[in-house]
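Single-structure report; data block below.
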Number of protein chains: 2
Amino acid sequence: MSILVVGSVAFDSVETPFGKVENILGGSATYFSTSASFFSDVKLVAVVGDDFPQEHLDFLSSRNIDLAGLSRVRGKTFHWKGKYGYDLNEAQTLETQLNVFADFKPQIPKEYSESEYLFLANIDPELQMEVMNQVKRPKVVACDTMNFWISSKPESLRKVLEKVDIFLINEGEARQLSGEANLVKGAKTILSMGVKTLIIKRGEYGVLMFNGSSIFAAPAYPLEEVFDPTGAGDTFAGGFMGYLANTGDISEKGVRQAIIFGSVMASFNVEDFSLNRLKRLDYKEIEERYRDFKTMTHFIGLP
Amino acid sequence: MSILVVGSVAFDSVETPFGKVENILGGSATYFSTSASFFSDVKLVAVVGDDFPQEHLDFLSSRNIDLAGLSRVRGKTFHWKGKYGYDLNEAQTLETQLNVFADFKPQIPKEYSESEYLFLANIDPELQMEVMNQVKRPKVVACDTMNFWISSKPESLRKVLEKVDIFLINEGEARQLSGEANLVKGAKTILSMGVKTLIIKRGEYGVLMFNGSSIFAAPAYPLEEVFDPTGAGDTFAGGFMGYLANTGDISEKGVRQAIIFGSVMASFNVEDFSLNRLKRLDYKEIEERYRDFKTMTHFIGLP
C-alpha cells in the first residue's frame with residue numbers, strides 16, 4: 001500500500017547547543033516521506049522553488065518517493081530558521097520565509113486520487129480540506145496541525161477534524177485546542193470533535209494514544225545524544241503511517257505497534273541534523289530499536 | 001519483612017487550583033509509611049511536637065505502622081506550606097517551619113537495628129548517614145533527597161550515595177546533581193557515584209530506572225483529576241519498597257514490578273488532598289490499577 005502525503009519541503013537553518021547548520025533539507029513532508037519510505041511507497045505533494053537543488057530530489061527519488069506531485073515553481077523555497085536551548089522540547093522560531101509556499105495550492109495528480117493512506121502534514125487547514133476533497137475516501141486519513149492554525153483558523157480546523165481518523169498533535173497544542181489543562185480531559189474534548197484516534201506527542205516523554213475506549217502510553221527512547229529535534233514529530237508520523245500502510249492492520253493492536261515504529265524512527269532522527277541519520281539508517285537498526293522498546297517497557301503482569 | 005523509614009511527619013497547608021487545606025497530615029515518612037503499609041509492616045522513625053493530635057497517631061497505628069520510633073517532644077510539629085499552579089509538576093514552597101524537626105536526631109530503637117529494608121526519606125544527608133550507622137547492613141537501602149541538600153551539603157550526600165542501593169530523585173534534581181542536561185548521561189554520572197539502581201521520577205510523565213545494564217521506562221497513570229500532588233514521590237517510594245519487602249525479590253524483574261506498584265500508589269494519592277485517598281483505598285483497587293498499567297503499556301513484540 002502507498003501513502004499520499006501533503007505538506008512542506010523546505011530549507012531549514014537550525015541552531016542547537018550542539019551545532020549550527022544553514023539551508024539544509026527540511027520540511028514536514030520531507031521528514032514524513034523519508035521516514036515512511038522505510039515501510040511503504042510514498043507519494044509526495046508539495047512545492048519547491050527553482051533554487052531547490054537536484055541532489056535533494058535525487059535523494060528523495062532514491063528512497064522510492066514518488067515526486068510526480070512535487071511542483072517546482074519560480075521563486076525561493078520555503079525557509080524556516082529556528083533555535084533550541086538545552087531544553088530540546090521546544091523550538092524557538094527565528095524566521096519563517098514562506099516564499100513559494102505562500103501560494104501553495106495542492107494539486108493531487110489524478111493517479112494519486114485513490115490513495116488508501118493519506119497524511120495531511122501541518123499546513124493551513126483549508127488546504128488540508130481541499131486535499132481531502134480531491135481524493136476518494138481513503139482507508140486512513142491522519143493529520144497534524146500547529147498552534148498557529150489552532151488560534152488563527154479554529155473553525156476550518158474543526159471541519160478537518162470531523163473528517164480525519166487519526167489526529168497527531170503535541171501536548172501544548174492539545175491543551176490549547178481543548179482548553180483543558182488536564183490532558184485526559186483534553187483528549188476527551190478532542191475526541192468529541194470527531195477524531196477517532198488521538199495521538200499526543202510529548203517529545204522526550206513519549207506518546208499517549210486515546211481512542212475513547214483505551215489509552216496507550218509509549219515512552220520515548222532515552223538517548224544520550226539528542227542533536228537536533230527538528231522533524232521528530234513528522235518522522236514519528238512517517239514511521240507510524242508507514243507501518244500501518246505496510247501491514248494494513250488498523251486495529252488497536254496494529255496502531256500500538258505503529259506508534260512504537262514511529263517512536264523508533266523519531267529517536268533515530270534526532271541523533272543528527274536534518275535527515276542525516278535517516279540517510280544512513282537501515283531496517284535492521286529499526287528492528288533492533290523496536291526490540292529495545294519492548295525490553296525497556298516490559299514488566300510482569302499479575303496472575 | 002518489615003521496612004524501617006526515617007523522615008518527616010508534618011502538618012501541610014496546601015493550595016492547588018482545586019482547593020485549599022490547612023494543617024493537614026503530611027510529611028515524607030507519613031506518605032511513605034501509609035503507602036508501604038498496604039504491602040508490608042513498617043517501622044517509623046520521626047519526630048512530632050506536642051501539638052500532634054492523637055487521631056493521626058491512631059490512623060498510623062490502624063495501618064499497622066509501628067510508632068515506637070516516633071518521638072513526641074515539646075514544641076510544634078514541622079509545618080510546610082506550599083502552592084501548585086495548573087502545572088502540577090512543581091510545588092512552590094511558601095513557608096517552611098522546621099519547629100521540632102530542626103533538632104531531629106534520629107534514634108533507631110534497638111529492636112529496629114536489624115531491619116532488612118531501610119528507606120531514608122528526604123532529610124539532611126548527615127542524618128541519613130547517622131541512621132545507616134545505627135543499623136546492621138540491610139538487604140536494601142533506598143534514599144531520596146532534594147535540591148536543597150544537593151546544593152548545601154554535596155559532600156555529605158555523596159558519602160550517603162556510596163552506601164545506598166537505590167536512589168530515588170526527581171528529574172530536575174538528577175540534572176542538578178549530575179550537572180548534565182541529558183538525563184541518560186546524568187544517570188551514568190549518578191550511577192558512578194556508587195548507586196546501584198537509580199529511579200528518576202518525572203511526575204505526570206512517569207519514571208525511568210537505570211541500573212547500568214538496562215533502562216526501564218514506566219508511564220504515570222493518566223488521571224482526569226489530579227487534586228494535589230503533595231507526597232506523590234514518597235507514596236511512590238512506599239509502594240515500591242513495600243512491594244520489594246513483601247516479595248523479597250530484588251532482581252530486576254522484581255524491581256520493575258515494584259516500580260509499577262509505586263506508580264499505582266502515587267496515582268491514587270494525587271486524587272485527593274493529604275492521605276485522604278489512601279485512607280479509603282483497598283488492595284483490590286491497587287491490583288486493578290496495576291492491571292490497567294499492564295494494558296496501557298502493552299504492545300506486540302517482533303517475532
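Ordering of the C-alpha cells sets the chain letters (A, B, ...), residue numbers begin anew at 1 in every chain, and ligands are numbered from 1 in the order given.
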If we count only C-alpha atoms, what is near segment 205-220 of chain B at a cut-off of 8 Å, once residues fewer than 3 positions away on the same chain are taken out, given as number ranges by chain?
-> A: 205, 217-219, 295-298; B: 187-188, 191, 196-202, 256, 259-260, 263, 267, 297
Segment 106-121 of chain A surroundings by only C-alpha atoms, 10 Å radius, close-in-sequence under 5 positions cut, as a PyMOL selection string | chain A and resi 1-8+27-29+32-33+42-47+68-71+127-146+160+164+166-168+234+237-238+241-242+244-245+248
Check the DSSP output for the backbone and give back, as a ChimeraX atom specification, the residues of segment 77-184 of chain A in strand (DSSP E or B).
-> /A:79-83,92-97,117-120,140-144,166-170
Convert the current residue selection to file output with C-alpha atoms, as a PDB file, in the first residue's frame.
```pdb
ATOM      1  CA  HIS A  79      12.782  28.636   4.603  1.00  0.00           C
ATOM      2  CA  TRP A  80      12.466  28.078   8.365  1.00  0.00           C
ATOM      3  CA  LYS A  81      15.012  29.289  10.853  1.00  0.00           C
ATOM      4  CA  GLY A  82      14.887  28.090  14.443  1.00  0.00           C
ATOM      5  CA  LYS A  83      16.842  27.632  17.606  1.00  0.00           C
ATOM      6  CA  GLN A  92      12.085  28.997  19.069  1.00  0.00           C
ATOM      7  CA  THR A  93      11.218  30.167  15.552  1.00  0.00           C
ATOM      8  CA  LEU A  94      13.578  32.925  14.496  1.00  0.00           C
ATOM      9  CA  GLU A  95      12.313  33.421  10.969  1.00  0.00           C
ATOM     10  CA  THR A  96       9.739  31.992   8.583  1.00  0.00           C
ATOM     11  CA  GLN A  97      10.023  32.844   4.881  1.00  0.00           C
ATOM     12  CA  TYR A 117      -3.470   6.196   3.281  1.00  0.00           C
ATOM     13  CA  LEU A 118      -3.403   9.979   3.447  1.00  0.00           C
ATOM     14  CA  PHE A 119      -1.294  12.147   5.715  1.00  0.00           C
ATOM     15  CA  LEU A 120      -2.062  15.835   5.937  1.00  0.00           C
ATOM     16  CA  VAL A 140      -6.991   6.086   6.849  1.00  0.00           C
ATOM     17  CA  VAL A 141      -6.682   9.852   6.970  1.00  0.00           C
ATOM     18  CA  ALA A 142      -4.283  11.272   9.541  1.00  0.00           C
ATOM     19  CA  CYS A 143      -3.382  14.877  10.130  1.00  0.00           C
ATOM     20  CA  ASP A 144      -1.150  17.160  12.129  1.00  0.00           C
ATOM     21  CA  ILE A 166      -6.136   9.937  13.356  1.00  0.00           C
ATOM     22  CA  PHE A 167      -5.002  13.265  14.722  1.00  0.00           C
ATOM     23  CA  LEU A 168      -1.416  13.809  15.828  1.00  0.00           C
ATOM     24  CA  ILE A 169      -0.710  16.835  17.977  1.00  0.00           C
ATOM     25  CA  ASN A 170       1.782  17.847  20.599  1.00  0.00           C
TER      26      ASN A 170
END
```
Expressed in Å to a single decimal, how great is the separation between atom CA of Glu271 of chain B and atom CA of Phe227 of chain B?
->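 Straight-line distance from atom CA of Glu271 of chain B to atom CA of Phe227 of chain B works out to 5.2 Å.
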